[in-house]
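Remarks on the structure that follows.
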Amino acid sequence: MIDEARLDAVLSSHAVDVIFHAAAYKHVPLVELNFGEAIRNNVLGTDAVLRAAIRHGVGQFVLLSTDKAAAPVSIMGASKRLAELLVSAYSTRPAPILSVVRFGNVFASSGSLVPVILAQIDRGGPVTVTSPAATRFFMTTSEAAELVITVAGFGVS
């Protein structure tokens with residue numbers, strides 16, 4: 001279960017103006033094997049944090065989502081899409097200001113495909129983690145952080 005009392009304790013003891021919420025179960029194979037935890041963390045956890053933000057007068061809430069939520073074909077993509085829909089459902093309220101930012105493939109992040117791709121290249125190929133028809137784009141950790149902060153800036157009134 002989600003520890004809402006702990007959320008309340010943290011938010012009441014700090015003057016929180018912005019919440020950056022990652023709902024960070026993002027490793028597709030791991031999430032596929034533990035779909036109940038994915039739903040609990042990515043969906044129910046997002047709902048609990050949104051409700052706590054409202055209760056404690058947080059000014060802004062930014063959900064970090066994934067490109068896999070655009071057309072979900074996995075539990076991870078579907079659970080992150082549900083989290084996005086929750087943010088949208090709460091958007092009729094005057095506060096907090098709500099935003100969602102989607103991205104994927106952060107170079108060298110936890111769960112990144114880069115080490116897998118490099119290992120396949122080191123072995124002489126083939127690179128099998130993608131389709132020949134797919135084009136993959138990567139961003140650095142600092143670019144990802146800048147994107148999140150920029151999105152938060154768009155929401156400020």
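If you're wondering about the labels, chains in the structure tokens are A, B, ... by order shown, residues count from 1 in each chain, ligands from 1 in order shown.
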Between range 41-71 of chain A and range 9-31 of chain A, at 6 Å or less, what are the per-residue closest atom pairs and their distances in Å? Count only C-alpha atoms, order by chain and rising residue number, and return it as CSV.
```
residue,atom,partner,partner_atom,distance
A:Asn42,CA,A:Ala23,CA,4.8
A:Val58,CA,A:Asp17,CA,5.0
A:Gly59,CA,A:Asp17,CA,4.9
A:Gln60,CA,A:Val18,CA,4.6
A:Phe61,CA,A:Ile19,CA,4.8
A:Val62,CA,A:Phe20,CA,4.9
A:Leu63,CA,A:His21,CA,4.9
A:Leu64,CA,A:Ala22,CA,4.8
```
Only all heavy atoms, please: the residues just picked out, written as a JSON list (two decimals), in the first residue's frame.
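Writing the result to selection.json gives the following:
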```
[["chain", "number", "residue", "atom", "x", "y", "z"],
["A", 42, "ASN", "N", 3.55, 3.16, -10.22],
["A", 42, "ASN", "CA", 3.39, 4.15, -11.28],
["A", 42, "ASN", "C", 2.00, 4.79, -11.30],
["A", 42, "ASN", "O", 1.88, 5.96, -11.64],
["A", 42, "ASN", "CB", 3.69, 3.54, -12.64],
["A", 42, "ASN", "CG", 5.15, 3.17, -12.80],
["A", 42, "ASN", "OD1", 5.99, 3.56, -12.01],
["A", 42, "ASN", "ND2", 5.46, 2.41, -13.83],
["A", 58, "VAL", "N", 0.94, 22.39, -2.47],
["A", 58, "VAL", "CA", 2.12, 22.43, -3.33],
["A", 58, "VAL", "C", 1.75, 23.23, -4.59],
["A", 58, "VAL", "O", 0.67, 23.06, -5.15],
["A", 58, "VAL", "CB", 2.58, 21.00, -3.68],
["A", 58, "VAL", "CG1", 3.68, 21.00, -4.73],
["A", 58, "VAL", "CG2", 3.03, 20.27, -2.43],
["A", 59, "GLY", "N", 2.66, 24.08, -5.03],
["A", 59, "GLY", "CA", 2.37, 24.96, -6.15],
["A", 59, "GLY", "C", 2.40, 24.30, -7.51],
["A", 59, "GLY", "O", 1.66, 24.69, -8.41],
["A", 60, "GLN", "N", 3.28, 23.29, -7.66],
["A", 60, "GLN", "CA", 3.46, 22.71, -8.98],
["A", 60, "GLN", "C", 3.84, 21.23, -8.86],
["A", 60, "GLN", "O", 4.57, 20.84, -7.95],
["A", 60, "GLN", "CB", 4.55, 23.47, -9.73],
["A", 60, "GLN", "CG", 4.63, 23.14, -11.19],
["A", 60, "GLN", "CD", 5.53, 24.13, -11.92],
["A", 60, "GLN", "OE1", 6.11, 25.02, -11.31],
["A", 60, "GLN", "NE2", 5.63, 23.98, -13.22],
["A", 61, "PHE", "N", 3.35, 20.45, -9.81],
["A", 61, "PHE", "CA", 3.60, 19.01, -9.85],
["A", 61, "PHE", "C", 4.01, 18.67, -11.28],
["A", 61, "PHE", "O", 3.27, 18.98, -12.23],
["A", 61, "PHE", "CB", 2.32, 18.25, -9.48],
["A", 61, "PHE", "CG", 2.42, 16.75, -9.54],
["A", 61, "PHE", "CD1", 2.67, 16.01, -8.39],
["A", 61, "PHE", "CD2", 2.26, 16.08, -10.74],
["A", 61, "PHE", "CE1", 2.76, 14.62, -8.45],
["A", 61, "PHE", "CE2", 2.34, 14.70, -10.81],
["A", 61, "PHE", "CZ", 2.59, 13.97, -9.66],
["A", 62, "VAL", "N", 5.18, 18.05, -11.45],
["A", 62, "VAL", "CA", 5.66, 17.65, -12.77],
["A", 62, "VAL", "C", 5.85, 16.14, -12.77],
["A", 62, "VAL", "O", 6.63, 15.62, -11.98],
["A", 62, "VAL", "CB", 6.99, 18.35, -13.14],
["A", 62, "VAL", "CG1", 7.46, 17.92, -14.53],
["A", 62, "VAL", "CG2", 6.86, 19.86, -13.06],
["A", 63, "LEU", "N", 5.13, 15.46, -13.64],
["A", 63, "LEU", "CA", 5.27, 14.01, -13.79],
["A", 63, "LEU", "C", 6.30, 13.72, -14.87],
["A", 63, "LEU", "O", 6.18, 14.21, -16.00],
["A", 63, "LEU", "CB", 3.95, 13.35, -14.18],
["A", 63, "LEU", "CG", 4.01, 11.86, -14.50],
["A", 63, "LEU", "CD1", 4.34, 11.05, -13.25],
["A", 63, "LEU", "CD2", 2.71, 11.38, -15.11],
["A", 64, "LEU", "N", 7.32, 12.94, -14.54],
["A", 64, "LEU", "CA", 8.28, 12.48, -15.53],
["A", 64, "LEU", "C", 7.77, 11.16, -16.08],
["A", 64, "LEU", "O", 7.65, 10.19, -15.35],
["A", 64, "LEU", "CB", 9.66, 12.29, -14.89],
["A", 64, "LEU", "CG", 10.47, 13.55, -14.64],
["A", 64, "LEU", "CD1", 9.81, 14.48, -13.66],
["A", 64, "LEU", "CD2", 11.85, 13.19, -14.18]]
```
task: Output as a ChimeraX atom specification all residues of chain A that backbone DSSP marks as strand (DSSP E or B).
output: /A:18-21,60-66,97-103,106,139
message: Quick one: residues within 9 Å of Val87 in chain A, only C-alpha atoms, excluding same-chain residues fewer than 2 positions away - as a PyMOL selection string?
response: chain A and resi 46-47+50+61-63+82-85+89-91+98-100
Those residues you just picked out, can you put them in a file as a short mmCIF file (atom, residue, chain, number, x, y, z; two decimals), in the first residue's frame with N, CA, C and O atoms?
```cif
data_model
loop_
_atom_site.label_atom_id
_atom_site.label_comp_id
_atom_site.auth_asym_id
_atom_site.auth_seq_id
_atom_site.Cartn_x
_atom_site.Cartn_y
_atom_site.Cartn_z
N THR A 46 1.38 7.65 -8.04
CA THR A 46 1.16 8.97 -8.64
C THR A 46 -0.10 9.60 -8.08
O THR A 46 -0.11 10.79 -7.73
N ASP A 47 -1.16 8.83 -7.97
CA ASP A 47 -2.41 9.35 -7.42
C ASP A 47 -2.22 9.82 -5.98
O ASP A 47 -2.68 10.91 -5.61
N LEU A 50 -0.21 13.07 -5.99
CA LEU A 50 -1.07 14.17 -6.47
C LEU A 50 -2.02 14.64 -5.37
O LEU A 50 -2.15 15.85 -5.11
N PHE A 61 3.35 20.45 -9.81
CA PHE A 61 3.60 19.01 -9.85
C PHE A 61 4.01 18.67 -11.28
O PHE A 61 3.27 18.98 -12.23
N VAL A 62 5.18 18.05 -11.45
CA VAL A 62 5.66 17.65 -12.77
C VAL A 62 5.85 16.14 -12.77
O VAL A 62 6.63 15.62 -11.98
N LEU A 63 5.13 15.46 -13.64
CA LEU A 63 5.27 14.01 -13.79
C LEU A 63 6.30 13.72 -14.87
O LEU A 63 6.18 14.21 -16.00
N LEU A 82 -1.37 5.63 -17.70
CA LEU A 82 -2.41 5.82 -16.68
C LEU A 82 -2.02 6.93 -15.71
O LEU A 82 -2.87 7.74 -15.30
N ALA A 83 -0.74 7.01 -15.35
CA ALA A 83 -0.27 8.09 -14.48
C ALA A 83 -0.49 9.44 -15.17
O ALA A 83 -0.93 10.41 -14.55
N GLU A 84 -0.21 9.51 -16.46
CA GLU A 84 -0.45 10.75 -17.22
C GLU A 84 -1.93 11.12 -17.22
O GLU A 84 -2.28 12.29 -17.07
N LEU A 85 -2.78 10.12 -17.39
CA LEU A 85 -4.23 10.38 -17.39
C LEU A 85 -4.70 10.88 -16.03
O LEU A 85 -5.61 11.71 -15.95
N ALA A 89 -6.65 14.24 -15.28
CA ALA A 89 -7.92 14.27 -14.54
C ALA A 89 -7.90 15.31 -13.42
O ALA A 89 -8.91 15.93 -13.12
N TYR A 90 -6.74 15.51 -12.81
CA TYR A 90 -6.62 16.50 -11.73
C TYR A 90 -6.43 17.92 -12.27
O TYR A 90 -6.46 18.88 -11.50
N SER A 91 -6.26 18.08 -13.57
CA SER A 91 -5.92 19.39 -14.14
C SER A 91 -7.08 20.38 -14.10
O SER A 91 -6.87 21.56 -14.39
N LEU A 98 -0.06 21.60 -13.04
CA LEU A 98 0.33 20.24 -13.39
C LEU A 98 1.00 20.19 -14.76
O LEU A 98 0.54 20.85 -15.70
N SER A 99 2.04 19.40 -14.87
CA SER A 99 2.74 19.22 -16.14
C SER A 99 3.19 17.77 -16.26
O SER A 99 3.40 17.09 -15.25
N VAL A 100 3.33 17.33 -17.50
CA VAL A 100 3.88 16.00 -17.79
C VAL A 100 4.98 16.18 -18.82
O VAL A 100 4.80 16.93 -19.80
#
```
message: Show me, as a PyMOL selection string, the residues that have an atom within 6 Å of Gly104 in chain A when counting only C-alpha atoms, minus same-chain residues fewer than 2 positions from it.
response: chain A and resi 66-67+106
Those residues with N, CA, C and O atoms, as a PDB file, in the first residue's frame please?
```pdb
ATOM      1  N   THR A  66       7.360   8.664 -19.928  1.00  0.00           N
ATOM      2  CA  THR A  66       8.211   7.971 -20.885  1.00  0.00           C
ATOM      3  C   THR A  66       7.591   8.008 -22.274  1.00  0.00           C
ATOM      4  O   THR A  66       6.373   8.076 -22.417  1.00  0.00           O
ATOM      5  N   ASP A  67       8.440   7.925 -23.275  1.00  0.00           N
ATOM      6  CA  ASP A  67       7.948   7.838 -24.649  1.00  0.00           C
ATOM      7  C   ASP A  67       7.103   6.578 -24.846  1.00  0.00           C
ATOM      8  O   ASP A  67       6.244   6.533 -25.717  1.00  0.00           O
ATOM      9  N   VAL A 106      17.804   8.089 -22.051  1.00  0.00           N
ATOM     10  CA  VAL A 106      18.782   8.992 -21.457  1.00  0.00           C
ATOM     11  C   VAL A 106      20.101   8.233 -21.389  1.00  0.00           C
ATOM     12  O   VAL A 106      20.195   7.177 -20.762  1.00  0.00           O
TER      13      VAL A 106
END
```
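Note that CA of Gly77 in chain A and CA of Ala95 in chain A are 26.8 Å apart.
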